[in-house]
>>> print(open('protein37.tsv').read())   # TSV, C-alpha atoms
chain	number	residue	atom	x	y	z
A	1348	MET	CA	0.00	0.00	0.00
A	1349	LYS	CA	1.20	3.50	-0.83
A	1350	GLU	CA	-0.36	6.83	-0.12
A	1351	LEU	CA	0.09	10.47	-0.95
A	1352	THR	CA	-1.23	13.47	0.97
A	1353	VAL	CA	-1.38	16.81	-0.81
A	1354	ASP	CA	-3.44	19.99	-0.77
A	1355	ALA	CA	-6.77	19.31	-2.46
A	1356	THR	CA	-6.40	21.68	-5.41
A	1357	VAL	CA	-7.14	21.29	-9.11
A	1358	ASP	CA	-3.46	21.95	-9.79
A	1359	ASN	CA	-2.57	18.83	-7.81
A	1360	ILE	CA	-4.73	16.48	-9.90
A	1361	THR	CA	-1.77	15.88	-12.19
A	1362	SER	CA	0.60	14.91	-9.38
A	1363	VAL	CA	-2.02	12.59	-7.84
A	1364	THR	CA	-2.62	10.97	-11.24
A	1365	ASP	CA	1.13	10.52	-11.81
A	1366	PHE	CA	1.50	9.00	-8.33
A	1367	VAL	CA	-1.35	6.52	-8.87
A	1368	ASP	CA	-0.22	5.65	-12.42
A	1369	GLU	CA	3.21	4.77	-11.10
A	1370	GLN	CA	1.64	2.19	-8.76
A	1371	LEU	CA	-0.68	0.91	-11.50
A	1372	ASN	CA	2.27	0.39	-13.81
A	1373	ALA	CA	4.02	-1.57	-11.07
A	1374	PHE	CA	0.89	-3.75	-10.72
A	1375	GLY	CA	0.82	-4.38	-14.49
A	1376	CYS	CA	-2.56	-2.68	-14.80
A	1377	PRO	CA	-3.90	-2.78	-18.39
A	1378	LEU	CA	-3.93	0.55	-20.24
A	1379	LYS	CA	-7.71	0.86	-20.52
A	1380	ALA	CA	-8.29	0.24	-16.81
A	1381	LYS	CA	-5.56	2.77	-16.05
A	1382	MET	CA	-7.26	5.43	-18.16
A	1383	GLN	CA	-10.61	4.71	-16.48
A	1384	ILE	CA	-8.95	5.07	-13.09
A	1385	ASP	CA	-7.29	8.31	-14.21
A	1386	ILE	CA	-10.71	9.66	-15.19
A	1387	ALA	CA	-12.07	8.61	-11.78
A	1388	ILE	CA	-9.21	10.50	-10.08
A	1389	ASP	CA	-10.04	13.61	-12.08
A	1390	GLU	CA	-13.68	13.39	-11.04
A	1391	LEU	CA	-13.22	12.44	-7.38
A	1392	PHE	CA	-10.12	14.40	-6.43
A	1393	GLY	CA	-11.51	17.27	-8.54
A	1394	ASN	CA	-14.71	17.21	-6.45
A	1395	ILE	CA	-12.71	17.36	-3.23
A	1396	ALA	CA	-10.64	20.23	-4.64
A	1397	HIS	CA	-13.75	22.16	-5.61
A	1398	TYR	CA	-16.02	21.57	-2.64
A	1399	ALA	CA	-14.52	19.94	0.47
A	1400	TYR	CA	-12.85	22.95	2.07
A	1401	LYS	CA	-14.43	25.79	0.16
A	1402	PRO	CA	-13.36	28.62	0.28
A	1403	ASP	CA	-10.21	27.39	2.04
A	1404	VAL	CA	-7.70	24.77	1.00
A	1405	GLY	CA	-7.17	21.54	2.94
A	1406	PRO	CA	-5.43	18.22	2.55
A	1407	ALA	CA	-6.57	15.04	0.85
A	1408	THR	CA	-4.99	11.60	1.02
A	1409	VAL	CA	-5.00	9.16	-1.88
A	1410	ARG	CA	-4.18	5.54	-1.06
A	1411	VAL	CA	-3.44	2.83	-3.63
A	1412	GLU	CA	-3.69	-0.88	-2.83
A	1413	GLU	CA	-3.45	-4.00	-4.90
A	1414	ASN	CA	-5.74	-6.96	-4.38
A	1415	GLU	CA	-4.19	-10.16	-5.62
A	1416	ASN	CA	-7.05	-12.58	-5.80
A	1417	PRO	CA	-9.06	-11.62	-7.78
A	1418	PRO	CA	-6.64	-9.07	-9.27
A	1419	ALA	CA	-7.94	-5.58	-8.56
A	1420	VAL	CA	-6.82	-2.10	-7.63
A	1421	ILE	CA	-8.38	-0.25	-4.71
A	1422	ILE	CA	-8.00	3.51	-4.44
A	1423	THR	CA	-9.18	5.43	-1.40
A	1424	PHE	CA	-9.74	9.19	-1.25
A	1425	ILE	CA	-9.82	10.73	2.24
A	1426	ASP	CA	-10.54	14.32	3.22
A	1427	HIS	CA	-11.80	15.97	6.41
A	1428	GLY	CA	-13.80	18.70	4.71
A	1429	VAL	CA	-17.56	19.12	4.72
A	1430	GLN	CA	-19.45	15.82	4.94
A	1431	TYR	CA	-20.58	14.82	1.47
A	1432	ASP	CA	-21.64	11.50	-0.01
A	1433	PRO	CA	-21.23	11.77	-3.79
A	1434	LEU	CA	-23.17	8.53	-4.21
A	1435	SER	CA	-26.27	10.30	-2.94
A	1436	ALA	CA	-26.31	12.64	-5.95
A	1437	GLU	CA	-29.26	12.26	-8.29
A	1438	GLU	CA	-28.39	10.36	-11.47
A	1439	PRO	CA	-28.31	12.54	-14.58
A	1440	ASP	CA	-30.84	12.09	-17.37
A	1441	ILE	CA	-28.59	10.94	-20.19
A	1442	THR	CA	-31.35	10.96	-22.80
A	1443	LEU	CA	-31.80	14.74	-22.99
A	1444	SER	CA	-30.77	16.78	-26.03
A	1445	ALA	CA	-27.78	19.15	-26.01
A	1446	GLU	CA	-30.04	22.12	-25.33
A	1447	GLU	CA	-31.67	20.48	-22.30
A	1448	ARG	CA	-28.48	18.98	-20.88
A	1449	ARG	CA	-26.73	19.94	-17.68
A	1450	VAL	CA	-23.34	18.46	-16.99
A	1451	GLY	CA	-23.78	18.34	-13.20
A	1452	GLY	CA	-23.66	14.81	-11.84
A	1453	LEU	CA	-22.05	13.29	-14.94
A	1454	GLY	CA	-18.63	12.90	-13.34
A	1455	ILE	CA	-19.70	10.63	-10.49
A	1456	TYR	CA	-21.98	8.77	-12.92
A	1457	ILE	CA	-18.98	7.98	-15.18
A	1458	VAL	CA	-17.07	6.70	-12.14
A	1459	LYS	CA	-19.98	4.49	-11.02
A	1460	LYS	CA	-20.28	2.96	-14.48
A	1461	SER	CA	-16.57	2.39	-15.11
A	1462	MET	CA	-15.50	1.04	-11.69
A	1463	ASP	CA	-16.47	-2.37	-10.27
A	1464	GLU	CA	-17.21	-1.08	-6.78
A	1465	ILE	CA	-17.59	2.30	-5.14
A	1466	THR	CA	-18.28	2.87	-1.45
A	1467	TYR	CA	-18.55	5.92	0.77
A	1468	GLU	CA	-18.37	6.31	4.52
A	1469	TYR	CA	-18.08	9.22	6.90
A	1470	LYS	CA	-15.96	8.27	9.87
A	1471	ASP	CA	-14.11	10.28	12.53
A	1472	GLY	CA	-14.83	13.50	10.65
A	1473	GLN	CA	-13.49	12.12	7.39
A	1474	ASN	CA	-15.06	11.50	4.00
A	1475	ILE	CA	-13.73	8.13	2.86
A	1476	LEU	CA	-14.48	7.21	-0.73
A	1477	LYS	CA	-13.20	3.93	-2.08
A	1478	ILE	CA	-13.18	2.67	-5.65
A	1479	LYS	CA	-12.26	-0.79	-6.83
A	1480	LYS	CA	-11.36	-1.79	-10.36
A	1481	ASN	CA	-10.78	-5.40	-11.37
A	1482	ILE	CA	-7.74	-5.74	-13.60
B	396	MET	CA	-2.71	18.68	-22.97
B	397	THR	CA	-1.65	20.48	-26.13
B	398	ILE	CA	-4.05	22.09	-28.57
B	399	ASN	CA	-3.16	22.40	-32.23
B	400	MET	CA	-5.51	24.62	-34.21
B	401	ILE	CA	-5.86	24.82	-37.96
B	402	SER	CA	-8.16	27.56	-39.13
B	403	GLU	CA	-9.24	28.00	-42.74
B	404	ASP	CA	-12.15	30.04	-44.10
B	405	ASN	CA	-15.02	29.29	-41.70
B	406	GLN	CA	-13.60	26.00	-40.50
B	407	ILE	CA	-11.55	25.12	-37.47
B	408	ILE	CA	-9.82	21.83	-36.75
B	409	LEU	CA	-8.69	21.40	-33.16
B	410	SER	CA	-6.31	18.50	-32.57
B	411	LEU	CA	-5.89	17.69	-28.90
B	412	SER	CA	-3.27	15.52	-27.31
B	413	GLY	CA	-2.87	14.29	-23.74
B	414	ARG	CA	-5.71	14.45	-21.22
B	415	LEU	CA	-8.82	16.60	-21.42
B	416	ASP	CA	-9.52	16.86	-17.69
B	417	ALA	CA	-10.38	19.39	-14.99
B	418	THR	CA	-6.87	20.86	-15.19
B	419	ASN	CA	-6.93	21.41	-18.94
B	420	ALA	CA	-10.58	21.99	-19.80
B	421	PRO	CA	-10.45	25.74	-18.97
B	422	LYS	CA	-7.60	26.13	-21.48
B	423	LEU	CA	-9.69	24.56	-24.25
B	424	GLU	CA	-12.71	26.61	-23.25
B	425	ALA	CA	-10.69	29.83	-23.46
B	426	GLU	CA	-9.31	28.84	-26.88
B	427	LEU	CA	-12.81	28.15	-28.20
B	428	LYS	CA	-14.20	31.37	-26.78
B	429	LYS	CA	-11.57	33.26	-28.79
B	430	SER	CA	-12.09	31.35	-32.02
B	431	ILE	CA	-15.64	30.03	-32.34
B	432	ASN	CA	-17.26	33.25	-33.53
B	433	GLY	CA	-18.51	32.89	-37.12
B	434	VAL	CA	-17.21	29.34	-37.46
B	435	GLU	CA	-19.48	27.09	-39.53
B	436	LYS	CA	-17.61	23.85	-39.15
B	437	LEU	CA	-15.79	22.83	-36.00
B	438	VAL	CA	-13.82	19.60	-35.97
B	439	PHE	CA	-12.26	18.02	-32.88
B	440	ASP	CA	-9.56	15.52	-33.73
B	441	PHE	CA	-8.97	13.22	-30.74
B	442	LYS	CA	-6.37	10.96	-32.38
B	443	GLU	CA	-3.74	11.85	-29.77
B	444	LEU	CA	-6.14	12.33	-26.87
B	445	GLU	CA	-5.82	9.73	-24.09
B	446	TYR	CA	-9.03	10.39	-22.19
B	447	ILE	CA	-11.76	12.86	-21.34
B	448	SER	CA	-13.50	13.51	-18.03
B	449	SER	CA	-16.73	15.36	-17.24
B	450	ALA	CA	-14.86	18.69	-17.28
B	451	GLY	CA	-14.06	18.02	-20.94
B	452	LEU	CA	-17.63	16.91	-21.66
B	453	ARG	CA	-18.83	20.26	-20.36
B	454	VAL	CA	-16.68	22.08	-22.96
B	455	LEU	CA	-17.87	19.79	-25.76
B	456	LEU	CA	-21.51	20.29	-24.74
B	457	ASN	CA	-21.15	24.08	-24.72
B	458	SER	CA	-19.45	24.00	-28.13
B	459	GLN	CA	-22.16	21.73	-29.52
B	460	LYS	CA	-24.83	24.17	-28.35
B	461	VAL	CA	-23.06	27.05	-30.11
B	462	MET	CA	-22.51	25.02	-33.28
B	463	ASN	CA	-26.14	23.86	-33.35
B	464	LYS	CA	-26.96	27.52	-34.00
B	465	GLN	CA	-24.23	28.37	-36.48
B	466	GLY	CA	-23.12	25.24	-38.31
B	467	GLU	CA	-21.85	21.75	-37.57
B	468	MET	CA	-19.48	20.09	-35.15
B	469	ILE	CA	-17.68	16.80	-35.65
B	470	VAL	CA	-15.61	14.71	-33.26
B	471	ARG	CA	-13.23	12.30	-34.93
B	472	ASN	CA	-10.71	9.58	-34.08
B	473	VAL	CA	-11.91	8.74	-30.57
B	474	ASN	CA	-10.19	5.86	-28.78
B	475	ASP	CA	-11.96	3.09	-26.83
B	476	THR	CA	-11.80	4.84	-23.47
B	477	ILE	CA	-13.27	8.06	-24.85
B	478	ALA	CA	-15.94	6.14	-26.84
B	479	ASP	CA	-16.98	4.45	-23.57
B	480	VAL	CA	-17.35	7.80	-21.82
B	481	PHE	CA	-19.52	9.09	-24.69
B	482	GLU	CA	-21.59	5.91	-24.54
B	483	ILE	CA	-22.07	5.92	-20.75
B	484	THR	CA	-23.11	9.56	-20.68
B	485	GLY	CA	-25.38	9.49	-23.73
B	486	PHE	CA	-23.07	11.93	-25.53
B	487	VAL	CA	-23.13	9.51	-28.50
B	488	ASP	CA	-26.60	10.91	-29.20
B	489	ILE	CA	-25.61	14.54	-28.81
B	490	LEU	CA	-22.32	14.59	-30.72
B	491	THR	CA	-21.56	13.72	-34.32
B	492	ILE	CA	-18.77	11.16	-34.01
B	493	GLU	CA	-16.85	9.98	-37.06
>>> encode(input="protein37.tsv", output="structure tokens")
Amino acid sequence: MKELTVDATVDNITSVTDFVDEQLNAFGCPLKAKMQIDIAIDELFGNIAHYAYKPDVGPATVRVEENENPPAVIITFIDHGVQYDPLSAEEPDITLSAEERRVGGLGIYIVKKSMDEITYEYKDGQNILKIKKNI
Amino acid sequence: MTINMISEDNQIILSLSGRLDATNAPKLEAELKKSINGVEKLVFDFKELEYISSAGLRVLLNSQKVMNKQGEMIVRNVNDTIADVFEITGFVDILTIE
């Protein structure tokens, strides 16, 4: 298991992605799964950066673990900002036309659809969001 | 992400490479804001683009809305990962993908 703690800012998305990719490469994670995980990082860490400590800046921890049997990657995002369960967000209507569309809610929806498991808990003042991708 | 723009008559071809994510989407949005006026055909070439997140979808949606009024917009050369994102989000029905 490896983890990285940085300020939750949009500018740090790249360093978090690079950190996670390094572990994924070490696990032999296939390219497509890696890209899906990278998208999930953008959505989830991006959400923390935008909302958790608004208008201040606070830390977020990203933990990467490998599960050997069955082979999977588990990534955990932890912040101690405002309590928020992204899984509670209403699902977007993906059948609307361009004119009627709003993009809100699409990010978490993409993550739900592209990961094998996603769980949220609020514990000891921390938002703990965990995603699992079989590889 | 790098943006390569070819502009000719009323057409623009934007070739993107790298990642279209929350970090880079504002850069693309600013570029489009500058250039989209009077454009009748807008082409996004995603041959070198690795992936797109919802921040990128937002920019594509806004561009599509503008182009619905003034011409056409085409997205070409999408990879598997990007095609999946378009499929999951229903953007396959909003965008013209070649």
>>> interface_residues(input="protein37.tsv", of="chain B", to="chain A", cutoff="10 Å", atoms="all atoms listed in the file", output="short mmCIF file (atom, residue, chain, number, x, y, z; two decimals) with C-alpha atoms, in the frame of the given file")
data_model
loop_
_atom_site.label_atom_id
_atom_site.label_comp_id
_atom_site.auth_asym_id
_atom_site.auth_seq_id
_atom_site.Cartn_x
_atom_site.Cartn_y
_atom_site.Cartn_z
CA ARG B 414 -5.71 14.45 -21.22
CA LEU B 415 -8.82 16.60 -21.42
CA ASP B 416 -9.52 16.86 -17.69
CA ALA B 417 -10.38 19.39 -14.99
CA THR B 418 -6.87 20.86 -15.19
CA ASN B 419 -6.93 21.41 -18.94
CA GLU B 445 -5.82 9.73 -24.09
CA TYR B 446 -9.03 10.39 -22.19
CA ILE B 447 -11.76 12.86 -21.34
CA SER B 448 -13.50 13.51 -18.03
CA SER B 449 -16.73 15.36 -17.24
CA ALA B 450 -14.86 18.69 -17.28
CA LEU B 452 -17.63 16.91 -21.66
CA ARG B 453 -18.83 20.26 -20.36
CA VAL B 454 -16.68 22.08 -22.96
CA LEU B 455 -17.87 19.79 -25.76
CA LEU B 456 -21.51 20.29 -24.74
CA ASN B 457 -21.15 24.08 -24.72
CA SER B 458 -19.45 24.00 -28.13
CA GLN B 459 -22.16 21.73 -29.52
CA LYS B 460 -24.83 24.17 -28.35
CA VAL B 461 -23.06 27.05 -30.11
CA ASN B 463 -26.14 23.86 -33.35
CA ASN B 474 -10.19 5.86 -28.78
CA ASP B 475 -11.96 3.09 -26.83
CA THR B 476 -11.80 4.84 -23.47
CA ILE B 477 -13.27 8.06 -24.85
CA ASP B 479 -16.98 4.45 -23.57
CA VAL B 480 -17.35 7.80 -21.82
CA PHE B 481 -19.52 9.09 -24.69
CA GLU B 482 -21.59 5.91 -24.54
CA ILE B 483 -22.07 5.92 -20.75
CA THR B 484 -23.11 9.56 -20.68
CA GLY B 485 -25.38 9.49 -23.73
CA PHE B 486 -23.07 11.93 -25.53
CA ASP B 488 -26.60 10.91 -29.20
CA ILE B 489 -25.61 14.54 -28.81
CA LEU B 490 -22.32 14.59 -30.72
#
>>> residues_around(input="protein37.tsv", residues="Gln1473 in chain A", least_positions_apart="4", cutoff="7 Å", atoms="all atoms listed in the file", output="list in words")
Ile1425, Asp1426, His1427 and Tyr1469 of chain A
>>> residues_near_point(input="protein37.tsv", point="(-18.0, 12.5, 13.3)", cutoff="12 Å", atoms="all atoms listed in the file", output="list in words")
His1427, Gly1428, Val1429, Gln1430, Glu1468, Tyr1469, Lys1470, Asp1471, Gly1472, Gln1473 and Asn1474 of chain A
>>> atom_distance(input="protein37.tsv", atom1="CA of Lys436 in chain B", atom2="CA of Gly413 in chain B")
23.4 Å
>>> atom_distance(input="protein37.tsv", atom1="CA of Lys1477 in chain A", atom2="CA of Lys1349 in chain A")
14.5 Å
>>> atom_distance(input="protein37.tsv", atom1="CA of Leu1391 in chain A", atom2="CA of Gln1370 in chain A")
18.1 Å
>>> residues_near_point(input="protein37.tsv", point="(-8.1, 15.8, -28.8)", cutoff="7 Å", atoms="only C-alpha atoms", output="list in words")
Ser410, Leu411, Ser412, Phe439, Asp440, Phe441, Lys442, Glu443 and Leu444 of chain B
>>> closest_residue(input="protein37.tsv", among="A:Val1367, A:Leu1351, A:Ser1362, A:Glu1464", to="Ala1419 in chain A", atoms="all atoms listed in the file")
A:Glu1464
>>> residues_around(input="protein37.tsv", residues="Val1411 in chain A", least_positions_apart="5", cutoff="12 Å", atoms="all atoms listed in the file", output="list in words")
Met1348, Lys1349, Glu1350, Leu1351, Thr1352, Val1363, Thr1364, Phe1366, Val1367, Asp1368, Glu1369, Gln1370, Leu1371, Asn1372, Ala1373, Phe1374, Ile1384, Ile1388, Ala1419, Val1420, Ile1421, Ile1422, Thr1423, Phe1424, Ile1425, Lys1477, Ile1478, Lys1479 and Lys1480 of chain A
>>> closest_residue(input="protein37.tsv", among="B:Lys464, B:Val473, B:Ile408, B:Glu493", to="Leu427 in chain B", atoms="all atoms listed in the file")
B:Ile408
